[in-house]
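Asks: If you scroll down you'll find the structure; I have some questions about it.
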Amino acid sequence: MLWPFTTECEAAGIRIRTSKSESMVLTRKKVECLLWVREEVLPQVEEFKYLGILFTSEGRIEQENNRQVGAVSAVMRALNRSVMVKKELSWKAKLSIYRSIYIPILTMAINIG
């Protein structure tokens with residue numbers, strides 16, 4: 001027996017791969033809602049990522065900020081090429097730059113990504 005969801009999908013030319021599919025219920029309270037595809041129940045998840053966007057069952061959508069992470073990486077490369085490779089700078093100066101610039105930038109990149 002085909003369930004209404006499966007029937008409607010197949011009528012529209014959509015074939016559901018149960019091995020790659022999951023279901024999500026949009027609600028503030030945790031609710032179990034079984035979605036049958038043929039003889040299988042899709043696993044229910046509370047969040048999933050698609051194309052860099054995190055969707056949650058509470059209706060939140062969080063986009064990864066790849067542009068900001070890329071900008072941080074560019075700053076890190078520029079600092080490395082222009083400052084950290086200079087033989088004229090002492091290790092003490094390089095360590096000071098590392099602590100005052102690298103660590104805060106890396107921390108920001110981790111919090112963004």
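In the structure tokens, chains take letters A, B, ... by order of appearance, with residues numbered from 1 within each chain and ligands from 1 in the order shown.
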Please, which residues of region 19-78 of chain A, numbered as in this document, come out strand (DSSP E) from DSSP, as a ChimeraX atom specification?
Replies: /A:36-37,40-41,47-50,53-56,61-63
Asks: Would you save the residues from that selection as a PDB file, in the first residue's frame, using N, CA and C atoms?
Replies:
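Saved file part-v3.pdb follows:
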```pdb
ATOM      1  N   TRP A  36       6.003   8.107   6.660  1.00  0.00           N
ATOM      2  CA  TRP A  36       6.217   6.829   5.993  1.00  0.00           C
ATOM      3  C   TRP A  36       6.472   7.050   4.514  1.00  0.00           C
ATOM      4  N   VAL A  37       7.491   6.371   3.987  1.00  0.00           N
ATOM      5  CA  VAL A  37       7.754   6.329   2.549  1.00  0.00           C
ATOM      6  C   VAL A  37       7.853   4.855   2.207  1.00  0.00           C
ATOM      7  N   GLU A  40       8.954   2.238   4.905  1.00  0.00           N
ATOM      8  CA  GLU A  40       9.979   2.748   5.810  1.00  0.00           C
ATOM      9  C   GLU A  40       9.540   4.070   6.451  1.00  0.00           C
ATOM     10  N   VAL A  41       9.994   4.279   7.678  1.00  0.00           N
ATOM     11  CA  VAL A  41       9.764   5.546   8.371  1.00  0.00           C
ATOM     12  C   VAL A  41      11.042   6.363   8.253  1.00  0.00           C
ATOM     13  N   GLU A  47      17.514  19.388  13.422  1.00  0.00           N
ATOM     14  CA  GLU A  47      18.190  20.392  12.617  1.00  0.00           C
ATOM     15  C   GLU A  47      18.916  19.708  11.478  1.00  0.00           C
ATOM     16  N   PHE A  48      19.139  20.479  10.389  1.00  0.00           N
ATOM     17  CA  PHE A  48      19.940  19.962   9.284  1.00  0.00           C
ATOM     18  C   PHE A  48      20.557  21.131   8.534  1.00  0.00           C
ATOM     19  N   LYS A  49      21.673  20.824   7.858  1.00  0.00           N
ATOM     20  CA  LYS A  49      22.368  21.824   7.056  1.00  0.00           C
ATOM     21  C   LYS A  49      22.137  21.536   5.595  1.00  0.00           C
ATOM     22  N   TYR A  50      21.890  22.598   4.834  1.00  0.00           N
ATOM     23  CA  TYR A  50      21.724  22.466   3.393  1.00  0.00           C
ATOM     24  C   TYR A  50      22.307  23.703   2.746  1.00  0.00           C
ATOM     25  N   ILE A  53      23.363  26.478   5.075  1.00  0.00           N
ATOM     26  CA  ILE A  53      22.336  27.092   5.914  1.00  0.00           C
ATOM     27  C   ILE A  53      21.833  26.049   6.902  1.00  0.00           C
ATOM     28  N   LEU A  54      21.784  26.432   8.175  1.00  0.00           N
ATOM     29  CA  LEU A  54      21.309  25.531   9.224  1.00  0.00           C
ATOM     30  C   LEU A  54      19.828  25.801   9.468  1.00  0.00           C
ATOM     31  N   PHE A  55      18.994  24.780   9.312  1.00  0.00           N
ATOM     32  CA  PHE A  55      17.561  24.857   9.576  1.00  0.00           C
ATOM     33  C   PHE A  55      17.280  24.106  10.870  1.00  0.00           C
ATOM     34  N   THR A  56      16.468  24.692  11.765  1.00  0.00           N
ATOM     35  CA  THR A  56      16.132  24.014  13.015  1.00  0.00           C
ATOM     36  C   THR A  56      14.631  23.763  13.076  1.00  0.00           C
ATOM     37  N   ILE A  61      16.662  29.869  11.086  1.00  0.00           N
ATOM     38  CA  ILE A  61      17.513  29.660   9.929  1.00  0.00           C
ATOM     39  C   ILE A  61      18.782  30.461  10.169  1.00  0.00           C
ATOM     40  N   GLU A  62      19.917  29.778  10.176  1.00  0.00           N
ATOM     41  CA  GLU A  62      21.194  30.442  10.422  1.00  0.00           C
ATOM     42  C   GLU A  62      22.107  30.206   9.234  1.00  0.00           C
ATOM     43  N   GLN A  63      22.509  31.298   8.592  1.00  0.00           N
ATOM     44  CA  GLN A  63      23.391  31.188   7.436  1.00  0.00           C
ATOM     45  C   GLN A  63      24.841  31.306   7.875  1.00  0.00           C
TER      46      GLN A  63
END
```
Asks: Given the choices A:Val72, A:Ile16, A:Leu35, A:Ala11, which gets closest to Ile101 (chain A) if the distance is worked out from only C-alpha atoms?
Replies: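 Of all the options, A:Val72 lies closest to Ile101 (chain A).
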Asks: Mind checking which residues fall within 10 Å of Lys29 (chain A), counting only C-alpha atoms, ignoring those fewer than 4 positions away in the same chain, and posting them as a PDB file with all heavy atoms, in the first residue's frame?
Replies:
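File part20.pdb, as written:
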```pdb
ATOM      1  N   VAL A  25       9.820  18.278  11.918  1.00  0.00           N
ATOM      2  CA  VAL A  25       8.562  18.903  12.303  1.00  0.00           C
ATOM      3  C   VAL A  25       8.892  20.299  12.820  1.00  0.00           C
ATOM      4  O   VAL A  25       9.727  20.462  13.700  1.00  0.00           O
ATOM      5  CB  VAL A  25       7.836  18.094  13.402  1.00  0.00           C
ATOM      6  CG1 VAL A  25       6.562  18.791  13.836  1.00  0.00           C
ATOM      7  CG2 VAL A  25       7.541  16.688  12.916  1.00  0.00           C
ATOM      8  N   SER A  57      14.248  22.793  13.903  1.00  0.00           N
ATOM      9  CA  SER A  57      12.835  22.446  14.030  1.00  0.00           C
ATOM     10  C   SER A  57      12.034  23.563  14.702  1.00  0.00           C
ATOM     11  O   SER A  57      10.817  23.590  14.626  1.00  0.00           O
ATOM     12  CB  SER A  57      12.674  21.140  14.812  1.00  0.00           C
ATOM     13  OG  SER A  57      13.224  21.277  16.099  1.00  0.00           O
ATOM     14  N   GLU A  58      12.729  24.495  15.359  1.00  0.00           N
ATOM     15  CA  GLU A  58      12.046  25.632  15.979  1.00  0.00           C
ATOM     16  C   GLU A  58      11.798  26.756  14.982  1.00  0.00           C
ATOM     17  O   GLU A  58      11.272  27.801  15.328  1.00  0.00           O
ATOM     18  CB  GLU A  58      12.872  26.152  17.151  1.00  0.00           C
ATOM     19  CG  GLU A  58      13.035  25.125  18.249  1.00  0.00           C
ATOM     20  CD  GLU A  58      14.192  25.451  19.175  1.00  0.00           C
ATOM     21  OE1 GLU A  58      15.025  26.305  18.832  1.00  0.00           O
ATOM     22  OE2 GLU A  58      14.249  24.828  20.240  1.00  0.00           O
TER      23      GLU A  58
END
```
Asks: Quick one: of A:Val45, A:Ala71, A:Met84, A:Leu89, who's nearest to Leu106 (chain A), counting only C-alpha atoms?
Replies: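 Under the stated criterion, the closest residue is A:Ala71.
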Asks: How far is it from CA of Ala74 (chain A) to CA of Lys92 (chain A), in Å with one decimal?
Replies: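 Separation between CA of Ala74 (chain A) and CA of Lys92 (chain A): 24.0 Å.
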Asks: Check chain A with DSSP on the backbone and list each residue it calls helix (DSSP H, G or I), as a tab-separated table (two decimals) with all heavy atoms, in the first residue's frame.
Replies:
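Final output, result-v2.tsv:
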```tsv
chain	number	residue	atom	x	y	z
A	4	PRO	N	-0.31	8.38	1.29
A	4	PRO	CA	-0.62	9.59	0.52
A	4	PRO	C	0.62	10.43	0.17
A	4	PRO	O	0.74	10.91	-0.95
A	4	PRO	CB	-1.57	10.36	1.42
A	4	PRO	CG	-2.21	9.31	2.28
A	4	PRO	CD	-1.17	8.26	2.46
A	5	PHE	N	1.55	10.58	1.09
A	5	PHE	CA	2.76	11.36	0.80
A	5	PHE	C	3.54	10.75	-0.35
A	5	PHE	O	3.94	11.44	-1.29
A	5	PHE	CB	3.62	11.46	2.07
A	5	PHE	CG	4.92	12.19	1.86
A	5	PHE	CD1	4.92	13.58	1.73
A	5	PHE	CD2	6.12	11.51	1.77
A	5	PHE	CE1	6.11	14.27	1.53
A	5	PHE	CE2	7.31	12.20	1.58
A	5	PHE	CZ	7.31	13.58	1.45
A	6	THR	N	3.76	9.45	-0.29
A	6	THR	CA	4.50	8.75	-1.33
A	6	THR	C	3.75	8.84	-2.66
A	6	THR	O	4.35	9.10	-3.70
A	6	THR	CB	4.70	7.27	-0.95
A	6	THR	OG1	5.28	7.21	0.36
A	6	THR	CG2	5.59	6.56	-1.93
A	7	THR	N	2.44	8.65	-2.63
A	7	THR	CA	1.62	8.71	-3.84
A	7	THR	C	1.72	10.07	-4.51
A	7	THR	O	1.91	10.17	-5.72
A	7	THR	CB	0.15	8.39	-3.50
A	7	THR	OG1	0.09	7.13	-2.85
A	7	THR	CG2	-0.70	8.36	-4.75
A	8	GLU	N	1.60	11.14	-3.71
A	8	GLU	CA	1.66	12.50	-4.25
A	8	GLU	C	3.04	12.80	-4.84
A	8	GLU	O	3.15	13.41	-5.90
A	8	GLU	CB	1.32	13.54	-3.18
A	8	GLU	CG	-0.12	13.50	-2.73
A	8	GLU	CD	-1.09	13.86	-3.86
A	8	GLU	OE1	-0.79	14.77	-4.66
A	8	GLU	OE2	-2.16	13.22	-3.93
A	9	CYS	N	4.08	12.36	-4.17
A	9	CYS	CA	5.45	12.59	-4.67
A	9	CYS	C	5.66	11.86	-5.99
A	9	CYS	O	6.17	12.45	-6.96
A	9	CYS	CB	6.49	12.15	-3.65
A	9	CYS	SG	6.61	13.25	-2.24
A	10	GLU	N	5.28	10.62	-6.04
A	10	GLU	CA	5.48	9.85	-7.26
A	10	GLU	C	4.62	10.37	-8.40
A	10	GLU	O	5.04	10.35	-9.55
A	10	GLU	CB	5.26	8.36	-6.99
A	10	GLU	CG	6.38	7.78	-6.13
A	10	GLU	CD	6.23	6.30	-5.82
A	10	GLU	OE1	5.21	5.70	-6.20
A	10	GLU	OE2	7.16	5.76	-5.20
A	11	ALA	N	3.44	10.88	-8.09
A	11	ALA	CA	2.59	11.48	-9.13
A	11	ALA	C	3.24	12.72	-9.72
A	11	ALA	O	3.04	13.04	-10.90
A	11	ALA	CB	1.21	11.83	-8.55
A	66	ASN	N	30.31	32.75	5.19
A	66	ASN	CA	31.54	32.39	4.49
A	66	ASN	C	32.33	33.61	4.05
A	66	ASN	O	33.55	33.57	3.98
A	66	ASN	CB	31.22	31.51	3.28
A	66	ASN	CG	30.71	30.15	3.69
A	66	ASN	OD1	31.04	29.66	4.76
A	66	ASN	ND2	29.89	29.55	2.87
A	67	ARG	N	31.65	34.70	3.73
A	67	ARG	CA	32.34	35.91	3.29
A	67	ARG	C	33.24	36.44	4.39
A	67	ARG	O	34.39	36.79	4.17
A	67	ARG	CB	31.33	36.97	2.87
A	67	ARG	CG	31.96	38.23	2.28
A	67	ARG	CD	30.92	39.29	1.99
A	67	ARG	NE	30.12	39.66	3.14
A	67	ARG	CZ	30.54	40.45	4.13
A	67	ARG	NH1	31.75	40.94	4.12
A	67	ARG	NH2	29.76	40.74	5.15
A	68	GLN	N	32.73	36.46	5.64
A	68	GLN	CA	33.54	36.96	6.75
A	68	GLN	C	34.70	36.02	7.05
A	68	GLN	O	35.80	36.47	7.36
A	68	GLN	CB	32.68	37.15	8.00
A	68	GLN	CG	31.79	38.37	7.91
A	68	GLN	CD	31.00	38.59	9.18
A	68	GLN	OE1	30.72	37.66	9.92
A	68	GLN	NE2	30.62	39.83	9.43
A	69	VAL	N	34.47	34.74	6.97
A	69	VAL	CA	35.55	33.78	7.20
A	69	VAL	C	36.63	33.95	6.13
A	69	VAL	O	37.82	33.92	6.41
A	69	VAL	CB	35.01	32.33	7.23
A	69	VAL	CG1	36.15	31.33	7.27
A	69	VAL	CG2	34.10	32.14	8.43
A	70	GLY	N	36.22	34.17	4.89
A	70	GLY	CA	37.18	34.42	3.80
A	70	GLY	C	37.99	35.68	4.03
A	70	GLY	O	39.19	35.73	3.76
A	71	ALA	N	37.34	36.73	4.54
A	71	ALA	CA	38.04	37.98	4.83
A	71	ALA	C	39.07	37.77	5.94
A	71	ALA	O	40.18	38.30	5.87
A	71	ALA	CB	37.03	39.06	5.22
A	72	VAL	N	38.70	37.01	6.96
A	72	VAL	CA	39.64	36.72	8.05
A	72	VAL	C	40.84	35.94	7.50
A	72	VAL	O	41.99	36.24	7.84
A	72	VAL	CB	38.94	35.93	9.18
A	72	VAL	CG1	39.94	35.36	10.16
A	72	VAL	CG2	37.94	36.82	9.89
A	73	SER	N	40.60	34.98	6.63
A	73	SER	CA	41.69	34.21	6.04
A	73	SER	C	42.62	35.10	5.23
A	73	SER	O	43.85	34.93	5.27
A	73	SER	CB	41.14	33.11	5.13
A	73	SER	OG	40.41	32.18	5.88
A	74	ALA	N	42.06	36.05	4.50
A	74	ALA	CA	42.88	36.98	3.71
A	74	ALA	C	43.77	37.83	4.61
A	74	ALA	O	44.95	38.05	4.30
A	74	ALA	CB	41.98	37.86	2.85
A	75	VAL	N	43.22	38.29	5.73
A	75	VAL	CA	44.01	39.07	6.68
A	75	VAL	C	45.15	38.22	7.24
A	75	VAL	O	46.30	38.68	7.35
A	75	VAL	CB	43.12	39.62	7.82
A	75	VAL	CG1	43.97	40.19	8.95
A	75	VAL	CG2	42.16	40.67	7.29
A	76	MET	N	44.85	36.98	7.57
A	76	MET	CA	45.87	36.09	8.13
A	76	MET	C	47.00	35.85	7.12
A	76	MET	O	48.17	35.89	7.47
A	76	MET	CB	45.24	34.75	8.53
A	76	MET	CG	44.18	34.86	9.61
A	76	MET	SD	44.83	35.44	11.16
A	76	MET	CE	45.66	34.00	11.72
A	77	ARG	N	46.65	35.64	5.85
A	77	ARG	CA	47.68	35.43	4.82
A	77	ARG	C	48.52	36.69	4.63
A	77	ARG	O	49.75	36.61	4.52
A	77	ARG	CB	47.02	35.02	3.50
A	77	ARG	CG	46.59	33.58	3.44
A	77	ARG	CD	46.19	33.16	2.03
A	77	ARG	NE	45.16	34.00	1.45
A	77	ARG	CZ	43.85	33.82	1.63
A	77	ARG	NH1	43.43	32.84	2.40
A	77	ARG	NH2	42.98	34.62	1.05
A	78	ALA	N	47.87	37.84	4.61
A	78	ALA	CA	48.60	39.11	4.43
A	78	ALA	C	49.55	39.35	5.59
A	78	ALA	O	50.70	39.76	5.38
A	78	ALA	CB	47.61	40.26	4.28
A	79	LEU	N	49.11	39.10	6.81
A	79	LEU	CA	49.99	39.26	7.98
A	79	LEU	C	51.17	38.31	7.91
A	79	LEU	O	52.31	38.69	8.21
A	79	LEU	CB	49.21	39.02	9.27
A	79	LEU	CG	48.40	40.18	9.82
A	79	LEU	CD1	47.55	39.70	10.98
A	79	LEU	CD2	49.32	41.31	10.25
A	80	ASN	N	50.93	37.10	7.51
A	80	ASN	CA	52.01	36.12	7.44
A	80	ASN	C	53.05	36.55	6.41
A	80	ASN	O	54.25	36.51	6.69
A	80	ASN	CB	51.46	34.74	7.10
A	80	ASN	CG	52.53	33.68	7.25
A	80	ASN	OD1	53.18	33.61	8.28
A	80	ASN	ND2	52.70	32.88	6.23
A	81	ARG	N	52.59	36.98	5.23
A	81	ARG	CA	53.53	37.38	4.17
A	81	ARG	C	54.29	38.65	4.51
A	81	ARG	O	55.46	38.79	4.18
A	81	ARG	CB	52.77	37.58	2.85
A	81	ARG	CG	52.42	36.28	2.15
A	81	ARG	CD	51.94	36.57	0.75
A	81	ARG	NE	50.77	37.44	0.76
A	81	ARG	CZ	49.53	37.04	0.53
A	81	ARG	NH1	49.29	35.79	0.26
A	81	ARG	NH2	48.54	37.90	0.56
A	82	SER	N	53.61	39.59	5.15
A	82	SER	CA	54.24	40.90	5.36
A	82	SER	C	54.97	41.04	6.69
A	82	SER	O	55.86	41.87	6.81
A	82	SER	CB	53.19	42.01	5.23
A	82	SER	OG	52.22	41.86	6.24
A	83	VAL	N	54.59	40.25	7.69
A	83	VAL	CA	55.16	40.45	9.02
A	83	VAL	C	55.91	39.22	9.53
A	83	VAL	O	57.09	39.31	9.89
A	83	VAL	CB	54.06	40.84	10.03
A	83	VAL	CG1	54.62	40.97	11.43
A	83	VAL	CG2	53.38	42.14	9.61
A	84	MET	N	55.25	38.09	9.57
A	84	MET	CA	55.80	36.93	10.27
A	84	MET	C	57.04	36.34	9.60
A	84	MET	O	57.83	35.69	10.25
A	84	MET	CB	54.72	35.86	10.44
A	84	MET	CG	53.53	36.33	11.27
A	84	MET	SD	53.97	37.05	12.86
A	84	MET	CE	54.10	35.60	13.86
A	91	TRP	N	61.91	37.30	17.60
A	91	TRP	CA	60.87	36.34	17.98
A	91	TRP	C	59.93	36.95	19.00
A	91	TRP	O	58.73	36.66	19.00
A	91	TRP	CB	61.50	35.06	18.53
A	91	TRP	CG	61.96	34.17	17.41
A	91	TRP	CD1	63.24	33.94	17.03
A	91	TRP	CD2	61.13	33.44	16.51
A	91	TRP	NE1	63.26	33.10	15.94
A	91	TRP	CE2	61.97	32.77	15.60
A	91	TRP	CE3	59.75	33.29	16.38
A	91	TRP	CZ2	61.49	31.97	14.58
A	91	TRP	CZ3	59.28	32.47	15.36
A	91	TRP	CH2	60.14	31.84	14.49
A	92	LYS	N	60.45	37.81	19.85
A	92	LYS	CA	59.61	38.47	20.86
A	92	LYS	C	58.56	39.36	20.18
A	92	LYS	O	57.39	39.35	20.56
A	92	LYS	CB	60.49	39.30	21.81
A	92	LYS	CG	59.76	39.85	22.99
A	92	LYS	CD	60.72	40.55	23.94
A	92	LYS	CE	59.95	41.08	25.14
A	92	LYS	NZ	60.82	41.74	26.10
A	93	ALA	N	58.99	40.10	19.16
A	93	ALA	CA	58.05	40.96	18.42
A	93	ALA	C	57.01	40.12	17.68
A	93	ALA	O	55.82	40.44	17.68
A	93	ALA	CB	58.81	41.86	17.44
A	94	LYS	N	57.48	39.04	17.05
A	94	LYS	CA	56.55	38.15	16.34
A	94	LYS	C	55.55	37.51	17.29
A	94	LYS	O	54.36	37.38	16.99
A	94	LYS	CB	57.32	37.08	15.57
A	94	LYS	CG	58.07	37.63	14.38
A	94	LYS	CD	58.83	36.53	13.67
A	94	LYS	CE	59.65	37.10	12.52
A	94	LYS	NZ	60.39	36.06	11.82
A	95	LEU	N	56.03	37.13	18.47
A	95	LEU	CA	55.14	36.54	19.47
A	95	LEU	C	54.11	37.55	19.95
A	95	LEU	O	52.93	37.23	20.13
A	95	LEU	CB	55.95	35.99	20.65
A	95	LEU	CG	55.17	35.24	21.72
A	95	LEU	CD1	54.45	34.03	21.11
A	95	LEU	CD2	56.11	34.79	22.84
A	96	SER	N	54.54	38.79	20.11
A	96	SER	CA	53.61	39.85	20.51
A	96	SER	C	52.54	40.08	19.44
A	96	SER	O	51.36	40.23	19.75
A	96	SER	CB	54.40	41.14	20.76
A	96	SER	OG	53.52	42.20	21.05
A	97	ILE	N	52.95	40.09	18.17
A	97	ILE	CA	52.00	40.23	17.06
A	97	ILE	C	51.05	39.04	17.03
A	97	ILE	O	49.84	39.19	16.85
A	97	ILE	CB	52.75	40.39	15.72
A	97	ILE	CG1	53.47	41.73	15.69
A	97	ILE	CG2	51.80	40.25	14.54
A	97	ILE	CD1	54.48	41.85	14.57
A	98	TYR	N	51.60	37.85	17.22
A	98	TYR	CA	50.78	36.63	17.23
A	98	TYR	C	49.70	36.71	18.30
A	98	TYR	O	48.53	36.45	18.05
A	98	TYR	CB	51.69	35.42	17.46
A	98	TYR	CG	50.96	34.11	17.54
A	98	TYR	CD1	50.58	33.45	16.37
A	98	TYR	CD2	50.65	33.54	18.76
A	98	TYR	CE1	49.90	32.24	16.44
A	98	TYR	CE2	49.99	32.33	18.83
A	98	TYR	CZ	49.61	31.69	17.67
A	98	TYR	OH	48.94	30.50	17.74
A	99	ARG	N	50.10	37.12	19.52
A	99	ARG	CA	49.15	37.18	20.63
A	99	ARG	C	48.13	38.31	20.46
A	99	ARG	O	46.98	38.16	20.85
A	99	ARG	CB	49.89	37.36	21.94
A	99	ARG	CG	50.60	36.12	22.39
A	99	ARG	CD	51.29	36.33	23.72
A	99	ARG	NE	51.93	35.12	24.18
A	99	ARG	CZ	52.99	35.11	24.94
A	99	ARG	NH1	53.56	36.23	25.35
A	99	ARG	NH2	53.51	33.96	25.32
A	100	SER	N	48.55	39.43	19.90
A	100	SER	CA	47.66	40.59	19.84
A	100	SER	C	46.79	40.62	18.58
A	100	SER	O	45.74	41.24	18.58
A	100	SER	CB	48.45	41.89	19.94
A	100	SER	OG	49.34	42.01	18.85
A	101	ILE	N	47.23	39.94	17.51
A	101	ILE	CA	46.48	39.98	16.25
A	101	ILE	C	45.97	38.60	15.84
A	101	ILE	O	44.79	38.41	15.61
A	101	ILE	CB	47.33	40.61	15.12
A	101	ILE	CG1	47.67	42.06	15.47
A	101	ILE	CG2	46.58	40.55	13.80
A	101	ILE	CD1	48.62	42.73	14.51
A	102	TYR	N	46.88	37.63	15.74
A	102	TYR	CA	46.49	36.31	15.27
A	102	TYR	C	45.41	35.67	16.15
A	102	TYR	O	44.39	35.20	15.65
A	102	TYR	CB	47.70	35.37	15.22
A	102	TYR	CG	48.44	35.37	13.91
A	102	TYR	CD1	49.05	36.51	13.43
A	102	TYR	CD2	48.54	34.22	13.17
A	102	TYR	CE1	49.74	36.50	12.23
A	102	TYR	CE2	49.25	34.18	11.98
A	102	TYR	CZ	49.84	35.34	11.52
A	102	TYR	OH	50.52	35.32	10.34
A	103	ILE	N	45.67	35.60	17.46
A	103	ILE	CA	44.74	34.91	18.36
A	103	ILE	C	43.34	35.54	18.31
A	103	ILE	O	42.35	34.81	18.13
A	103	ILE	CB	45.30	34.85	19.79
A	103	ILE	CG1	46.61	34.05	19.84
A	103	ILE	CG2	44.26	34.27	20.77
A	103	ILE	CD1	46.48	32.60	19.43
A	104	PRO	N	43.19	36.88	18.43
A	104	PRO	CA	41.83	37.45	18.33
A	104	PRO	C	41.16	37.19	16.99
A	104	PRO	O	39.96	36.91	16.93
A	104	PRO	CB	42.06	38.95	18.54
A	104	PRO	CG	43.33	39.04	19.31
A	104	PRO	CD	44.17	37.90	18.82
A	105	ILE	N	41.93	37.25	15.88
A	105	ILE	CA	41.33	37.01	14.56
A	105	ILE	C	40.90	35.54	14.44
A	105	ILE	O	39.81	35.26	13.95
A	105	ILE	CB	42.32	37.40	13.45
A	105	ILE	CG1	42.45	38.92	13.38
A	105	ILE	CG2	41.84	36.86	12.09
A	105	ILE	CD1	43.49	39.42	12.40
A	106	LEU	N	41.74	34.62	14.89
A	106	LEU	CA	41.37	33.22	14.83
A	106	LEU	C	40.16	32.92	15.71
A	106	LEU	O	39.27	32.17	15.33
A	106	LEU	CB	42.55	32.33	15.28
A	106	LEU	CG	43.69	32.20	14.28
A	106	LEU	CD1	44.85	31.47	14.93
A	106	LEU	CD2	43.23	31.50	13.03
A	107	THR	N	40.11	33.54	16.87
A	107	THR	CA	38.95	33.37	17.76
A	107	THR	C	37.69	33.88	17.09
A	107	THR	O	36.64	33.23	17.14
A	107	THR	CB	39.19	34.11	19.09
A	107	THR	OG1	40.39	33.61	19.67
A	107	THR	CG2	38.03	33.89	20.05
A	108	MET	N	37.78	35.02	16.42
A	108	MET	CA	36.62	35.56	15.72
A	108	MET	C	36.20	34.63	14.59
A	108	MET	O	35.01	34.35	14.40
A	108	MET	CB	36.95	36.94	15.14
A	108	MET	CG	35.77	37.58	14.42
A	108	MET	SD	36.14	39.20	13.76
A	108	MET	CE	37.18	38.79	12.40
A	109	ALA	N	37.16	34.08	13.85
A	109	ALA	CA	36.85	33.18	12.74
A	109	ALA	C	36.15	31.92	13.25
A	109	ALA	O	35.22	31.42	12.64
A	109	ALA	CB	38.11	32.82	11.97
A	110	ILE	N	36.60	31.38	14.37
A	110	ILE	CA	35.97	30.18	14.94
A	110	ILE	C	34.55	30.49	15.37
A	110	ILE	O	33.64	29.71	15.14
A	110	ILE	CB	36.82	29.64	16.11
A	110	ILE	CG1	38.13	29.05	15.57
A	110	ILE	CG2	36.05	28.60	16.91
A	110	ILE	CD1	39.14	28.74	16.63
A	111	ASN	N	34.33	31.65	15.98
A	111	ASN	CA	32.98	32.03	16.43
A	111	ASN	C	32.05	32.30	15.25
A	111	ASN	O	30.86	32.05	15.34
A	111	ASN	CB	33.04	33.24	17.34
A	111	ASN	CG	33.65	32.92	18.69
A	111	ASN	OD1	33.57	31.79	19.15
A	111	ASN	ND2	34.26	33.89	19.32
A	112	ILE	N	32.58	32.78	14.14
A	112	ILE	CA	31.76	33.05	12.96
A	112	ILE	C	31.40	31.75	12.28
A	112	ILE	O	30.26	31.50	11.91
A	112	ILE	CB	32.50	33.96	11.95
A	112	ILE	CG1	32.63	35.36	12.52
A	112	ILE	CG2	31.77	34.01	10.63
A	112	ILE	CD1	33.53	36.26	11.71
```
Asks: Please indicate the distance in Å from CA of Lys30 (chain A) to CA of Leu42 (chain A), rounded to one decimal place.
Replies: 16.5 Å
Asks: Go through A:Ala12, A:Lys87, A:Ser21, A:Arg28 and flag the residue nearest Gly59 (chain A), using only C-alpha atoms for the distances.
Replies: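 Closest candidate: A:Arg28.
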Asks: Quick check, in Å to one decimal: how far apart do CA of Glu32 (chain A) and CA of Gln44 (chain A) lie?
Replies: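 Value for the CA of Glu32 (chain A)-CA of Gln44 (chain A) distance: 7.6 Å.
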